[in-house]
$ cat target-v5.cif   # mmCIF, C-alpha atoms
data_work
#
loop_
_atom_site.label_atom_id
_atom_site.label_comp_id
_atom_site.auth_asym_id
_atom_site.auth_seq_id
_atom_site.Cartn_x
_atom_site.Cartn_y
_atom_site.Cartn_z
CA MET A 118 0.00 0.00 0.00
CA THR A 119 1.69 3.17 1.11
CA LYS A 120 5.22 2.21 1.96
CA THR A 121 6.40 5.72 1.31
CA ASP A 122 3.97 7.22 3.76
CA SER A 123 6.02 7.05 6.93
CA ARG A 124 3.16 7.88 9.20
CA PHE A 125 1.17 4.97 7.85
CA SER A 126 4.13 2.63 8.21
CA GLN A 127 4.41 3.65 11.85
CA VAL A 128 0.75 3.12 12.64
CA GLN A 129 0.15 0.09 10.45
CA PRO A 130 1.80 -2.52 12.71
CA TRP A 131 -0.50 -1.44 15.53
CA ILE A 132 -3.61 -1.44 13.36
CA THR A 133 -2.62 -4.89 12.12
CA PHE A 134 -2.13 -6.04 15.70
CA PHE A 135 -5.51 -4.78 16.89
CA GLY A 136 -7.18 -6.07 13.73
CA ARG A 137 -5.70 -9.50 14.34
CA ILE A 138 -6.86 -9.49 17.95
CA LEU A 139 -10.34 -8.30 16.97
CA LEU A 140 -10.94 -10.77 14.15
CA GLY A 141 -9.08 -13.52 16.00
CA PHE A 142 -11.10 -13.25 19.18
CA VAL A 143 -14.38 -12.93 17.32
CA LEU A 144 -13.59 -16.14 15.43
CA LEU A 145 -12.32 -17.94 18.50
CA LEU A 146 -15.34 -16.96 20.60
CA ALA A 147 -17.81 -17.74 17.82
CA GLY A 148 -16.17 -21.11 17.26
CA TYR A 149 -16.03 -21.97 20.94
CA LEU A 150 -19.68 -21.09 21.59
CA LYS A 151 -20.77 -23.14 18.60
CA ALA A 152 -18.52 -26.13 19.27
CA LYS A 153 -19.99 -26.26 22.77
CA SER A 154 -23.56 -26.73 21.49
CA PRO A 155 -23.25 -28.76 18.31
CA ALA A 156 -26.98 -29.52 18.05
CA GLN A 157 -27.83 -25.86 17.90
CA ALA A 158 -24.94 -25.09 15.56
CA GLN A 159 -26.39 -27.56 13.08
CA MET A 160 -29.86 -26.13 13.56
CA ALA A 161 -28.55 -22.63 12.91
CA VAL A 162 -27.14 -23.64 9.52
CA ARG A 163 -30.29 -25.56 8.57
CA ALA A 164 -32.47 -22.56 9.40
CA TYR A 165 -30.86 -20.55 6.56
CA LYS A 166 -32.49 -22.99 4.13
CA LEU A 167 -29.55 -22.71 1.76
CA LEU A 168 -27.87 -26.11 1.86
CA PRO A 169 -29.16 -29.67 1.63
CA ILE A 170 -29.84 -30.95 5.14
CA THR A 171 -26.92 -33.38 5.39
CA ILE A 172 -24.43 -30.81 4.13
CA ALA A 173 -25.88 -28.14 6.42
CA ASN A 174 -25.45 -30.44 9.43
CA LEU A 175 -21.90 -31.32 8.45
CA PHE A 176 -21.11 -27.64 7.99
CA GLY A 177 -22.63 -26.80 11.37
CA LEU A 178 -20.42 -29.37 13.06
CA SER A 179 -17.14 -28.56 11.34
CA LEU A 180 -17.33 -24.78 10.93
CA PRO A 181 -16.77 -24.01 14.64
CA TRP A 182 -13.47 -25.87 14.57
CA LEU A 183 -12.31 -24.03 11.46
CA GLU A 184 -13.19 -20.76 13.16
CA ILE A 185 -11.22 -21.75 16.24
CA GLY A 186 -8.21 -22.61 14.09
CA ALA A 187 -8.29 -19.35 12.15
CA GLY A 188 -8.84 -17.41 15.38
CA VAL A 189 -5.78 -18.95 17.03
CA LEU A 190 -3.62 -18.30 13.95
CA LEU A 191 -4.67 -14.64 13.92
CA ILE A 192 -4.17 -14.10 17.63
CA VAL A 193 -0.69 -15.57 17.75
CA GLY A 194 0.09 -14.12 14.35
CA ILE A 195 1.06 -17.10 12.25
CA ALA A 196 -0.03 -17.38 8.62
CA VAL A 197 -1.98 -14.17 9.11
CA ARG A 198 -2.55 -13.83 5.42
CA TYR A 199 -4.14 -17.26 4.98
CA ALA A 200 -6.16 -16.91 8.16
CA SER A 201 -7.46 -13.49 7.18
CA VAL A 202 -8.43 -14.71 3.71
CA PHE A 203 -10.37 -17.50 5.40
CA GLY A 204 -11.90 -15.22 8.04
CA GLY A 205 -12.79 -12.54 5.51
CA ALA A 206 -14.34 -15.00 3.09
CA LEU A 207 -16.33 -16.46 5.96
CA MET A 208 -17.61 -13.06 7.10
CA PHE A 209 -18.53 -12.16 3.56
CA LEU A 210 -20.35 -15.47 3.22
CA PHE A 211 -22.26 -14.68 6.42
CA VAL A 212 -23.24 -11.28 5.00
CA LEU A 213 -24.63 -13.01 1.91
CA ALA A 214 -26.39 -15.72 3.91
CA ILE A 215 -27.98 -13.28 6.34
CA SER A 216 -29.01 -10.95 3.53
CA GLN A 217 -30.76 -13.72 1.64
CA ALA A 218 -32.52 -14.83 4.82
CA TRP A 219 -33.70 -11.26 5.31
CA ALA A 220 -34.76 -10.91 1.69
CA ARG A 221 -36.67 -14.18 1.77
CA GLY A 222 -38.47 -13.14 4.92
CA LEU A 223 -37.13 -15.93 7.12
CA SER A 224 -37.16 -15.26 10.85
CA ILE A 225 -33.89 -16.63 12.12
CA ASP A 226 -31.10 -15.77 14.48
CA CYS A 227 -27.79 -15.74 12.61
CA GLY A 228 -26.36 -18.24 15.05
CA CYS A 229 -23.04 -16.49 14.77
CA PHE A 230 -22.18 -16.85 18.46
CA GLY A 231 -24.09 -19.99 19.31
CA GLY A 232 -27.85 -19.76 19.34
CA GLY A 233 -29.49 -19.80 15.96
CA GLY A 234 -32.55 -21.36 14.45
CA GLN A 235 -35.92 -19.79 13.99
CA VAL A 236 -36.95 -16.86 16.14
CA ALA A 237 -40.27 -15.08 16.49
CA ALA A 238 -40.98 -12.61 13.69
CA GLY A 239 -39.87 -9.17 14.80
CA HIS A 240 -37.02 -10.59 16.87
CA THR A 241 -34.51 -10.66 14.06
CA LYS A 242 -31.38 -8.50 14.13
CA TYR A 243 -30.39 -8.68 10.49
CA LEU A 244 -29.08 -5.14 10.08
CA GLN A 245 -26.77 -5.28 13.11
CA GLU A 246 -25.51 -8.69 12.07
CA ILE A 247 -24.79 -7.56 8.52
CA LEU A 248 -23.03 -4.37 9.61
CA ARG A 249 -20.90 -6.26 12.11
CA ASP A 250 -19.86 -8.84 9.54
CA CYS A 251 -19.13 -6.13 6.95
CA GLY A 252 -16.83 -4.47 9.48
CA LEU A 253 -15.08 -7.77 10.10
CA THR A 254 -14.74 -8.38 6.36
CA LEU A 255 -12.99 -5.01 6.02
CA THR A 256 -10.73 -5.88 8.95
CA ALA A 257 -9.81 -9.12 7.20
CA ILE A 258 -9.03 -7.26 3.96
CA PHE A 259 -6.76 -4.89 5.84
CA LEU A 260 -4.97 -7.83 7.43
CA TYR A 261 -4.54 -9.51 4.08
CA LEU A 262 -2.91 -6.38 2.69
CA ASN A 263 -0.87 -5.73 5.85
CA PRO A 264 -0.25 -9.07 7.51
CA HIS A 265 2.76 -7.99 9.59
CA GLY A 266 2.22 -6.12 12.79
CA LYS A 267 3.16 -5.95 16.43
CA PHE A 268 3.61 -9.13 18.45
CA GLY A 269 3.06 -11.49 15.56
CA ILE A 270 5.07 -14.71 15.55
CA ASP A 271 5.39 -14.54 11.78
CA LYS A 272 7.73 -11.59 12.14
CA VAL A 273 10.09 -12.79 14.82
CA GLU A 274 13.68 -13.44 13.74
CA GLY A 275 12.90 -13.64 10.10
CA LEU A 276 10.82 -16.70 10.73
CA GLN A 277 8.40 -15.40 8.23
CA ARG A 278 8.52 -13.82 4.87
CA GLU A 279 8.98 -10.18 4.14
CA ASN A 280 6.06 -7.96 3.31
CA SER A 281 7.32 -7.04 -0.13
CA PRO A 282 5.77 -7.47 -3.54
CA ASP A 283 7.80 -10.50 -4.63
CA THR A 284 7.03 -12.51 -1.51
CA LYS A 285 3.40 -11.54 -1.81
CA GLU A 286 3.42 -13.51 -4.99
CA ARG A 287 4.98 -16.44 -3.25
CA ASP A 288 2.31 -16.28 -0.57
CA GLU A 289 -0.35 -16.77 -3.09
CA GLN A 290 1.12 -19.84 -4.70
CA MET B 828 11.78 -1.65 9.52
CA SER B 829 10.82 -3.11 6.22
CA SER B 830 14.11 -2.43 4.52
CA ASN B 831 16.61 -3.88 6.99
CA LYS B 832 14.82 -7.22 6.98
CA LYS B 833 15.30 -7.79 3.28
CA SER B 834 18.64 -9.43 4.04
CA VAL B 835 17.04 -12.23 6.04
CA LYS B 836 14.59 -12.99 3.32
CA LYS B 837 16.72 -15.42 1.38
CA ASN B 838 17.34 -17.89 4.18
CA VAL B 839 14.10 -17.87 6.09
CA ASP B 840 13.55 -20.96 8.17
CA ASN B 841 9.89 -21.75 8.24
CA THR B 842 10.15 -25.07 10.06
CA ASN B 843 8.75 -23.91 13.39
CA ARG B 844 6.10 -21.84 11.74
CA ASN B 845 4.97 -24.73 9.59
CA LEU B 846 5.04 -27.00 12.60
CA ALA B 847 2.74 -24.61 14.45
CA ILE B 848 0.39 -24.35 11.48
CA GLY B 849 0.39 -28.12 11.20
CA MET B 850 -0.46 -28.53 14.86
CA ILE B 851 -3.34 -26.10 14.64
CA LEU B 852 -4.70 -27.77 11.51
CA PHE B 853 -4.43 -31.12 13.27
CA VAL B 854 -6.46 -29.87 16.24
CA VAL B 855 -9.07 -28.42 13.87
CA LEU B 856 -9.33 -31.68 11.99
CA VAL B 857 -9.56 -33.83 15.12
CA GLY B 858 -12.15 -31.49 16.64
CA ALA B 859 -14.30 -31.50 13.53
CA ILE B 860 -14.13 -35.27 13.11
CA PHE B 861 -14.87 -35.84 16.79
CA SER B 862 -17.81 -33.47 16.56
CA VAL B 863 -19.28 -35.25 13.55
CA VAL B 864 -18.78 -38.73 15.00
CA SER B 865 -20.04 -37.95 18.49
CA ASN B 866 -23.24 -36.37 17.21
CA LYS B 867 -24.19 -39.41 15.18
CA SER B 868 -27.02 -41.63 16.28
CA ASN B 869 -25.85 -44.68 18.20
CA SER B 870 -28.00 -47.79 18.11
CA HIS B 871 -26.35 -49.25 21.22
CA VAL B 872 -27.62 -46.72 23.76
CA SER B 873 -30.15 -47.84 26.35
CA VAL B 874 -33.66 -46.58 25.73
CA PRO B 875 -37.00 -46.94 27.55
CA SER B 876 -39.27 -49.67 26.17
CA ALA B 877 -41.65 -47.18 24.52
CA VAL B 878 -38.87 -45.65 22.44
CA SER B 879 -38.81 -46.75 18.84
CA ALA B 880 -35.85 -46.31 16.53
CA ALA B 881 -38.24 -46.35 13.57
CA ASP B 882 -39.92 -43.25 15.00
CA GLY B 883 -36.68 -41.35 15.33
CA TYR B 884 -36.01 -42.59 18.87
CA GLY B 885 -39.11 -40.74 20.08
CA ILE B 886 -41.23 -41.91 23.03
CA VAL B 887 -44.27 -43.57 21.46
CA PHE B 888 -47.81 -43.80 22.82
CA ASN B 889 -50.57 -45.85 21.11
CA LYS B 890 -48.33 -47.19 18.42
CA ASP B 891 -51.25 -48.59 16.40
CA ALA B 892 -53.42 -45.48 16.29
CA LYS B 893 -54.11 -44.16 12.80
CA VAL B 894 -53.21 -40.50 13.25
CA LYS B 895 -49.57 -39.91 14.08
CA VAL B 896 -48.54 -36.81 15.96
CA ASP B 897 -44.84 -35.96 16.27
CA LEU B 898 -44.04 -33.41 18.90
CA TRP B 899 -40.58 -31.85 19.02
CA GLU B 900 -39.85 -29.78 22.08
CA ASP B 901 -37.19 -28.84 24.57
CA PHE B 902 -38.12 -28.88 28.24
CA GLN B 903 -36.24 -25.62 28.73
CA CYS B 904 -37.90 -23.77 25.87
CA PRO B 905 -40.29 -21.02 27.04
CA ASN B 906 -42.51 -21.34 23.98
CA CYS B 907 -42.90 -25.05 24.69
CA ARG B 908 -44.15 -24.18 28.16
CA ASN B 909 -46.67 -21.78 26.64
CA PHE B 910 -47.68 -24.46 24.17
CA GLU B 911 -48.12 -26.93 27.02
CA ALA B 912 -50.31 -24.42 28.86
CA VAL B 913 -52.52 -23.94 25.81
CA ALA B 914 -52.66 -27.39 24.28
CA GLY B 915 -51.09 -29.75 26.80
CA ASN B 916 -54.36 -31.03 28.28
CA TYR B 917 -55.93 -31.50 24.88
CA ILE B 918 -53.05 -33.57 23.52
CA THR B 919 -52.66 -35.52 26.76
CA ASP B 920 -56.36 -36.39 26.77
CA LEU B 921 -56.25 -37.56 23.16
CA THR B 922 -53.18 -39.62 23.99
CA ARG B 923 -54.74 -41.17 27.12
CA ALA B 924 -57.90 -41.96 25.15
CA GLY B 925 -55.79 -43.75 22.56
CA LYS B 926 -57.07 -41.58 19.74
CA ILE B 927 -53.68 -40.57 18.39
CA LYS B 928 -50.26 -42.10 18.09
CA THR B 929 -48.20 -39.55 19.98
CA VAL B 930 -44.45 -39.48 19.54
CA PHE B 931 -42.56 -37.23 21.92
CA HIS B 932 -39.14 -36.07 20.76
CA PRO B 933 -37.52 -34.22 23.68
CA MET B 934 -34.78 -32.16 22.10
CA THR B 935 -31.80 -30.93 24.07
CA PHE B 936 -30.17 -28.21 21.98
CA ILE B 937 -30.76 -25.54 24.63
CA GLY B 938 -28.10 -27.10 26.79
CA PRO B 939 -27.00 -29.40 29.60
CA GLU B 940 -30.13 -28.99 31.73
CA SER B 941 -32.29 -29.95 28.76
CA ILE B 942 -30.30 -33.17 28.56
CA LEU B 943 -30.81 -33.88 32.26
CA ALA B 944 -34.53 -33.11 32.02
CA ALA B 945 -35.09 -35.23 28.91
CA ALA B 946 -33.12 -38.13 30.40
CA ALA B 947 -35.09 -37.85 33.65
CA ALA B 948 -38.38 -37.78 31.74
CA ALA B 949 -37.33 -40.92 29.88
CA CYS B 950 -36.76 -42.59 33.25
CA THR B 951 -40.48 -42.23 34.05
CA VAL B 952 -41.65 -43.84 30.81
CA ASP B 953 -41.47 -47.45 31.98
CA ASP B 954 -43.50 -46.52 35.06
CA GLY B 955 -46.23 -45.08 32.90
CA LYS B 956 -45.69 -41.60 34.31
CA PHE B 957 -44.17 -39.80 31.34
CA LEU B 958 -47.25 -37.69 30.57
CA ASP B 959 -47.40 -36.51 34.19
CA MET B 960 -43.66 -35.86 34.25
CA HIS B 961 -43.97 -33.96 30.98
CA LEU B 962 -46.51 -31.61 32.55
CA ALA B 963 -44.59 -31.37 35.82
CA LEU B 964 -41.38 -30.33 34.05
CA TYR B 965 -43.13 -27.45 32.29
CA SER B 966 -44.82 -26.39 35.52
CA ASN B 967 -41.40 -26.29 37.13
CA GLN B 968 -39.48 -24.78 34.23
CA PRO B 969 -36.79 -22.42 35.55
CA THR B 970 -37.08 -18.84 34.35
CA LYS B 971 -33.52 -18.88 33.08
CA GLU B 972 -31.99 -21.57 30.86
CA ASN B 973 -29.10 -23.63 32.23
CA SER B 974 -29.05 -21.61 35.42
CA GLY B 975 -28.23 -24.62 37.60
CA SER B 976 -31.85 -25.03 38.71
CA TRP B 977 -32.36 -28.45 37.16
CA THR B 978 -30.01 -30.87 38.83
CA ASN B 979 -30.66 -34.58 39.11
CA SER B 980 -31.82 -34.20 42.72
CA VAL B 981 -34.33 -31.51 41.73
CA LEU B 982 -35.48 -33.65 38.80
CA LYS B 983 -35.98 -36.61 41.13
CA LEU B 984 -38.26 -34.44 43.28
CA ILE B 985 -40.20 -33.34 40.21
CA ALA B 986 -40.52 -36.98 39.12
CA SER B 987 -41.80 -38.17 42.47
CA GLY B 988 -44.17 -35.20 42.57
CA ALA B 989 -45.50 -36.44 39.23
CA GLY B 990 -46.15 -39.84 40.77
CA ALA B 991 -43.03 -41.62 39.53
CA THR B 992 -42.12 -42.74 43.04
CA ASN B 993 -40.42 -46.03 42.22
CA LYS B 994 -36.87 -46.48 43.41
CA SER B 995 -35.94 -47.54 39.89
CA VAL B 996 -36.85 -44.06 38.61
CA SER B 997 -34.55 -42.24 40.98
CA SER B 998 -31.68 -44.63 40.39
CA CYS B 999 -32.25 -44.26 36.66
CA ILE B 1000 -32.04 -40.46 36.97
CA ASP B 1001 -28.98 -40.68 39.21
CA SER B 1002 -27.10 -42.95 36.87
CA GLY B 1003 -27.95 -40.86 33.79
CA LYS B 1004 -29.13 -44.03 32.12
CA TYR B 1005 -30.79 -42.28 29.17
CA VAL B 1006 -28.41 -39.35 28.73
CA ASN B 1007 -26.91 -40.82 25.58
CA TRP B 1008 -30.33 -41.52 24.14
CA THR B 1009 -30.95 -37.75 23.96
CA LYS B 1010 -28.20 -37.55 21.32
CA ASN B 1011 -30.13 -39.94 19.12
CA VAL B 1012 -33.19 -37.71 19.37
CA GLU B 1013 -31.10 -34.69 18.39
CA ALA B 1014 -29.51 -36.58 15.51
CA ASP B 1015 -32.98 -37.37 14.20
CA ALA B 1016 -34.10 -33.76 14.63
CA ALA B 1017 -31.12 -32.79 12.47
CA LYS B 1018 -32.24 -35.29 9.82
CA GLN B 1019 -35.87 -34.14 9.96
CA ASN B 1020 -34.87 -30.48 9.62
CA VAL B 1021 -36.54 -29.42 12.87
CA ASN B 1022 -35.27 -25.90 13.51
CA ALA B 1023 -37.57 -24.58 16.20
CA THR B 1024 -39.45 -25.76 19.25
CA PRO B 1025 -42.23 -26.54 19.60
CA THR B 1026 -42.62 -28.21 16.22
CA MET B 1027 -45.51 -30.56 15.59
CA PHE B 1028 -46.33 -32.78 12.67
CA ILE B 1029 -49.77 -34.36 12.27
CA ASN B 1030 -49.44 -37.33 9.95
CA GLY B 1031 -46.19 -35.88 8.71
CA LYS B 1032 -47.70 -32.49 7.95
CA LEU B 1033 -46.06 -29.53 9.65
CA VAL B 1034 -48.44 -27.58 11.86
CA ASP B 1035 -48.49 -23.87 11.09
CA GLN B 1036 -46.35 -21.78 13.44
CA ALA B 1037 -49.30 -19.52 14.23
CA HIS B 1038 -51.45 -22.41 15.50
CA TYR B 1039 -49.36 -23.52 18.47
CA LEU B 1040 -50.78 -21.00 20.89
CA ASN B 1041 -54.26 -21.06 19.39
CA LEU B 1042 -56.20 -24.07 20.62
CA ASP B 1043 -59.10 -23.65 18.19
CA ALA B 1044 -56.77 -23.63 15.21
CA LEU B 1045 -54.98 -26.68 16.59
CA LYS B 1046 -58.24 -28.54 17.11
CA ALA B 1047 -59.14 -27.75 13.52
CA ASP B 1048 -55.79 -29.23 12.39
CA PHE B 1049 -56.50 -32.40 14.37
CA ALA B 1050 -60.04 -32.57 13.03
CA ALA B 1051 -58.74 -32.21 9.48
CA ALA B 1052 -56.57 -35.25 10.11
CA GLY B 1053 -59.61 -37.21 11.27
CA VAL B 1054 -59.29 -36.90 15.06
CA LYS B 1055 -62.68 -36.56 16.74
#

$ encode --input "target-v5.cif" --output "structure tokens"
Amino acid sequence: MTKTDSRFSQVQPWITFFGRILLGFVLLLAGYLKAKSPAQAQMAVRAYKLLPITIANLFGLSLPWLEIGAGVLLIVGIAVRYASVFGGALMFLFVLAISQAWARGLSIDCGCFGGGGQVAAGHTKYLQEILRDCGLTLTAIFLYLNPHGKFGIDKVEGLQRENSPDTKERDEQ
Amino acid sequence: MSSNKKSVKKNVDNTNRNLAIGMILFVVLVGAIFSVVSNKSNSHVSVPSAVSAADGYGIVFNKDAKVKVDLWEDFQCPNCRNFEAVAGNYITDLTRAGKIKTVFHPMTFIGPESILAAAAAACTVDDGKFLDMHLALYSNQPTKENSGSWTNSVLKLIASGAGATNKSVSSCIDSGKYVNWTKNVEADAAKQNVNATPTMFINGKLVDQAHYLNLDALKADFAAAGVK
């Protein structure tokens, strides 16, 4: 992005750090709460009426663990770029899923942090959920573009690649 | 900061990093597989005699009656309590009169105390007290879910209050005999796409959401299925 802008390069590691912590803890918490009540996690996915039942149930059972994994990677700061691509794609997927539920007039809880399934009409929180996930998608995009920040393991002692254009290409291979 | 690190770039050692990534992926994989396997239905669990695997491990009354009613509920769900208050007597009377085949599916997705309550209710089945226990649980539903109100000793009191006074009932509750059976019920709910409680099917037909708290509408649904 703006390597020449020295002010940005000073602030960026901190933004990256806080972004990692934010997205990481959201994913970790969401995953933990869902992994703890697998029956409801499956129900939450089914209630979107998007996937065939078997696939929805499988998704509901495995997604929490993927979220936990991505959350841990972001918090400790390893493979930030991969984890933020995953987290961002997930958040964007949630935005789409919640929007279609809203548009189709379903009455469901997003089930993002446990819970989920049908709720009484008028008890939906679609707008808040969409705005929150949009914010998290943007956070993930920022992390993808600026994966190196404060207190990230990736950076220590040259363990991890340099944030320069040529290694960016290597990252994506 | 960016520029003085360029020198290290050529000989980066990613072994530890990759090891850490590998470990995390391993945990994710094991967790996901464990989750899928442990939420599968298990045909070896102990179940009360009235439970039928063919009916999704539900508790079956009047298995030969013509009209089949499937009732999916969670003993901790507030709407199920309201439903019980509105329609509980009606459905219980039909069941006692043998007019409908009633299949109770006590779901447990709300949490640990739902599991304890469902398992305790199953313990009263063989004593013929399930319908009373069913009512008693809703009458004693805690205001807050999983607040620690429903322990096995409390559930034993509720059971004996409902007339299930046999020693076998309390030892059944204490030993958690039917705890694993509740997973089979949940696994079937997942298969049947039940996403809310209460959910009722009359002869396989989903009862309209708006009818659960409206006894007249419910009676009309039963009448339409041929229940007099």

$ resolve_selection --input "target-v5.cif" --expression "the PyMOL selection byres ((chain B) within 9 of (chain A))" --output "ChimeraX atom specification"
/B:828-829,832-833,835-836,838-845,847-848,851-852,854-860,862-863,866,935-938,1010,1013-1014,1016-1024

$ resolve_selection --input "target-v5.cif" --expression "the PyMOL selection byres ((chain B and resi 951-965) around 8)" --output "list in words"
Pro875, Ser876, Ala877, Phe902, Gln903, Cys907, Arg908, Glu911, Gly915, Thr919, Ala944, Ala947, Ala948, Ala949, Cys950, Ser966, Asn967, Gln968, Ile985, Ala986, Gly988, Ala989, Gly990, Ala991, Asn993 and Val996 of chain B

$ residues_around --input "target-v5.cif" --residues "Thr254 of chain A" --least-positions-apart "5" --cutoff "7 Å" --atoms "all atoms listed in the file" --output "number ranges by chain"
A: 205, 208-209

$ write_last_selection --input "target-v5.cif" --atoms "C-alpha atoms" --output "JSON list (two decimals), in the coordinates of the input"
[["chain", "number", "residue", "atom", "x", "y", "z"],
["A", 205, "GLY", "CA", -12.79, -12.54, 5.51],
["A", 208, "MET", "CA", -17.61, -13.06, 7.10],
["A", 209, "PHE", "CA", -18.53, -12.16, 3.56]]

$ residues_near_point --input "target-v5.cif" --point "(-32.9, -37.1, 38.5)" --cutoff "9 Å" --atoms "all atoms listed in the file" --output "count of residues only"
24

$ residues_near_point --input "target-v5.cif" --point "(-25.5, -44.2, 28.9)" --cutoff "10 Å" --atoms "all atoms listed in the file" --output "count of residues only"
13

$ closest_residue --input "target-v5.cif" --among "A:Gly188, A:Gly222, A:Gly239, A:Gly231" --to "Ile138 of chain A" --atoms "only C-alpha atoms"
A:Gly188

$ atom_distance --input "target-v5.cif" --atom1 "atom CA of Lys928 of chain B" --atom2 "atom CA of Lys895 of chain B"
4.6 Å

$ atom_distance --input "target-v5.cif" --atom1 "atom CA of Trp899 of chain B" --atom2 "atom CA of His932 of chain B"
4.8 Å
